[in-house]
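S.K.: Below is a structure I'd like to ask you about.
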Amino acid sequence: MPFFVVGGAALALCVALSLAMGARPVPLSTVVGALFGDASGADAVAVTGLRLPRTVIGLAVGAALGVAGAVAQGVTRNPLASPTTLGINAGAGFAVVVAIYALHLTQPVEYLWFAFAGAAGAALFAQALARKSDLDPVRLALGGTVLQLVLLSWTAALMLLSQRTLDEARFWLAGSMAGRPLDVVWPVLPTLVIGLVLAFAVSPALNALAIGDDSAQALGVPVARIRLAGGVAVILLAGSAVAVAGPVAFVGLAAPHIVRALLGSDHRVLLPGCLVVGPLLLLAADVLGRVVIRPSELEVGIVTAFLGAPLLALLARKAAR
């Protein structure tokens, strides 16, 4: 399909820019030489030691967030749904801040399982709030939103209590891929892959959910089980992404809407499209953050929040009509 050809080319360009751009630009010839072991020096070390892991992490996190957002919107039948709606970002952030405060952690690799556990726990709690109504979409979205606000307030309180916790946590809470080694990806790779497999497995049933629970049940779709499976997929995908890169906002919201506008609402096509658009958005935001205030840089979570806020306002306005 033309979409995947153009999208793949755009993604390849973003990968090249991610490897070449930074505080000091590196020529593409040096990038290629560094990747194939034919170049040496400071530029080659910057490419292979810093920018390559950052780019690979961007590809994995972007794909996970994009697909998680599409599944979250399908499960809740809510165009404003994203991993944030289930409280995943807030849960991960709160767990990391608690771990830093209580256990004096200092390295991102040490945050990993606390972030994943917090993300999963928050999402499961939001689902439990809606369980009495068979995971009703409105209750699920409302429960996640309320939980997010509560956890954000607790997180802020802990950070105010300890200057050390504030100093350690604020960089991770901003959402960033800078300085992350590939070692942080391998532990969550199994959960990320399982989440993708589960998301694609339920994608045909998500099309049935879109026409309403009663109609889906009339077609033989086990609505409660599909919604539960979709929720688990979102937990695995978004939890893995947040554990690696911190609570990056709006990629999970924007990617499905972009793909839906270009390819339609069929989840069997929507999810593969999000595998392309999610990493494309995240890498583009990361590159922009590196060059906009060079030689310093903005964390990717700040860039996506700045660009995503107008999109959220536009979508909210459309949903209110």
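Each chain in the structure tokens gets a letter, A, B, ..., in the order shown, and its residues are numbered from 1; ligands are numbered from 1 in order too.
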Quick one: everything within 12 Å of stretch 26-32 of chain A, counting only C-alpha atoms, minus sequence neighbours fewer than 4 positions away in the same chain. Send it as JSON, numbers by chain.
M.R.: {"A": [13, 15, 16, 17, 18, 19, 20, 21, 22, 36, 37, 38, 39, 40, 41, 42, 43, 44, 45, 46, 47, 48, 49, 51, 52]}
S.K.: Env of A:Leu228: 9 Å cut, atoms = only C-alpha atoms, seq-sep filter 5 positions within chain, self excluded. Answer as an MDAnalysis selection string.
M.R.: chainID A and resid 75 127 135 223 233
S.K.: What does the file look like for those residues with all heavy atoms, as a compact mmCIF listing (two decimals), in the first residue's frame?
M.R.:
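Generated output (again_20.txt):
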```txt
# COMPACT_ATOMS: atom_id res chain seq x y z
N VAL A 75 -10.97 -0.44 22.67
CA VAL A 75 -11.57 -1.09 23.84
C VAL A 75 -12.60 -0.18 24.51
O VAL A 75 -13.68 -0.64 24.92
CB VAL A 75 -10.47 -1.51 24.83
CG1 VAL A 75 -11.06 -1.83 26.20
CG2 VAL A 75 -9.69 -2.69 24.30
N GLN A 127 -9.31 -0.91 35.74
CA GLN A 127 -10.22 -1.93 35.22
C GLN A 127 -11.10 -2.49 36.33
O GLN A 127 -12.28 -2.77 36.12
CB GLN A 127 -9.44 -3.05 34.53
CG GLN A 127 -8.85 -2.65 33.19
CD GLN A 127 -8.40 -3.85 32.39
OE1 GLN A 127 -8.33 -4.97 32.89
NE2 GLN A 127 -8.08 -3.62 31.14
N LEU A 135 -16.67 -3.90 32.56
CA LEU A 135 -15.69 -3.03 31.94
C LEU A 135 -16.35 -2.02 31.01
O LEU A 135 -15.93 -1.80 29.88
CB LEU A 135 -14.63 -3.86 31.18
CG LEU A 135 -13.81 -4.83 32.03
CD1 LEU A 135 -12.84 -5.59 31.17
CD2 LEU A 135 -13.08 -4.10 33.13
N VAL A 223 -17.71 -10.02 24.39
CA VAL A 223 -17.31 -8.62 24.60
C VAL A 223 -16.43 -8.45 25.83
O VAL A 223 -15.38 -7.80 25.77
CB VAL A 223 -18.58 -7.73 24.71
CG1 VAL A 223 -18.20 -6.32 25.12
CG2 VAL A 223 -19.32 -7.72 23.38
N ALA A 233 -3.32 -6.13 26.78
CA ALA A 233 -2.38 -5.73 25.73
C ALA A 233 -1.90 -4.30 25.95
O ALA A 233 -0.70 -4.00 25.80
CB ALA A 233 -3.04 -5.86 24.36
```
S.K.: Identify, with DSSP run on backbone atoms, the residues in stretch 1-188 of chain A assigned to alpha helix (DSSP H), and express the list as a PyMOL selection string.
M.R.: chain A and resi 2-20+28-35+42-45+52-76+88-103+108-130+137-161+163-174
S.K.: Distance atom CA of A:Pro247-atom CA of A:Gly231, one decimal place?
M.R.: 18.1 Å
S.K.: Write out as CSV the residues of stretch 210-283 of chain A that have any atom within 10 Å of an atom of stretch 190-199 of chain A, one row each with the nearest atom pair and its distance in Å to one decimal, counting only C-alpha atoms, sorted by chain and then rising number.
M.R.:
```
residue,atom,partner,partner_atom,distance
A:Ala229,CA,A:Leu198,CA,7.2
A:Gly230,CA,A:Ala199,CA,6.3
A:Gly231,CA,A:Ala199,CA,9.2
A:Val232,CA,A:Gly195,CA,7.5
A:Ala233,CA,A:Gly195,CA,4.5
A:Val234,CA,A:Gly195,CA,7.1
A:Ile235,CA,A:Gly195,CA,7.9
A:Leu236,CA,A:Gly195,CA,5.1
A:Leu237,CA,A:Leu192,CA,5.2
A:Ala238,CA,A:Leu192,CA,8.4
A:Gly239,CA,A:Leu192,CA,8.5
A:Ser240,CA,A:Leu192,CA,6.0
A:Ala241,CA,A:Leu192,CA,8.1
A:His267,CA,A:Ala199,CA,9.7
A:Arg268,CA,A:Ala199,CA,10.0
A:Leu271,CA,A:Ala199,CA,8.1
A:Leu275,CA,A:Leu196,CA,9.7
```
S.K.: Please provide the set of residues having any atom within 12 Å of A:Cys14, restricted to only C-alpha atoms, with same-chain residues fewer than 4 positions apart removed, written as JSON, numbers by chain.
M.R.: {"A": [7, 8, 9, 10, 18, 19, 20, 21, 55, 56, 58, 59, 276, 277, 278, 279, 280, 281, 282, 283, 284, 285, 286, 287, 288]}
S.K.: List as a Markdown table every residue of stretch 45-99 of chain A that is in contact with stretch 116-123 of chain A, defined as an atom at most 9 Å from one of its atoms (using only C-alpha atoms), together with the nearest atom pair and the distance in Å rounded to one decimal, sorted by chain and then rising number.
M.R.:
```
| residue | atom | partner | partner_atom | distance |
| --- | --- | --- | --- | --- |
| A:Pro83 | CA | A:Ala123 | CA | 8.7 |
| A:Thr85 | CA | A:Ala123 | CA | 8.9 |
| A:Leu86 | CA | A:Ala123 | CA | 5.1 |
| A:Gly87 | CA | A:Ala122 | CA | 5.6 |
| A:Ile88 | CA | A:Ala119 | CA | 4.4 |
| A:Asn89 | CA | A:Ala119 | CA | 6.4 |
| A:Ala90 | CA | A:Ala119 | CA | 7.4 |
| A:Gly91 | CA | A:Gly118 | CA | 4.6 |
| A:Ala92 | CA | A:Gly118 | CA | 4.3 |
| A:Gly93 | CA | A:Gly118 | CA | 7.4 |
| A:Phe94 | CA | A:Gly118 | CA | 7.0 |
| A:Ala95 | CA | A:Gly118 | CA | 5.0 |
| A:Val96 | CA | A:Gly118 | CA | 7.7 |
```
S.K.: Between atom CA of A:Gly144 and atom CA of A:Ala126, what is the distance in Å, rounded to a tenth?
M.R.: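 Taking atom CA of A:Gly144 as the start and atom CA of A:Ala126 as the end point, the length is 5.0 Å.
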S.K.: With distances taken over only C-alpha atoms, which residue among A:Ala309, A:Ile302, A:Ala174, A:Leu253 lies nearest A:Gly69?
M.R.: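 Among A:Ala309, A:Ile302, A:Ala174, A:Leu253, it is A:Leu253 that comes nearest to A:Gly69.
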S.K.: Would you compute the distance between atom CA of A:Ala243 and atom CA of A:Leu142? Give it in Å to one decimal.
M.R.: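 Here the two named atoms are 23.7 Å from each other.
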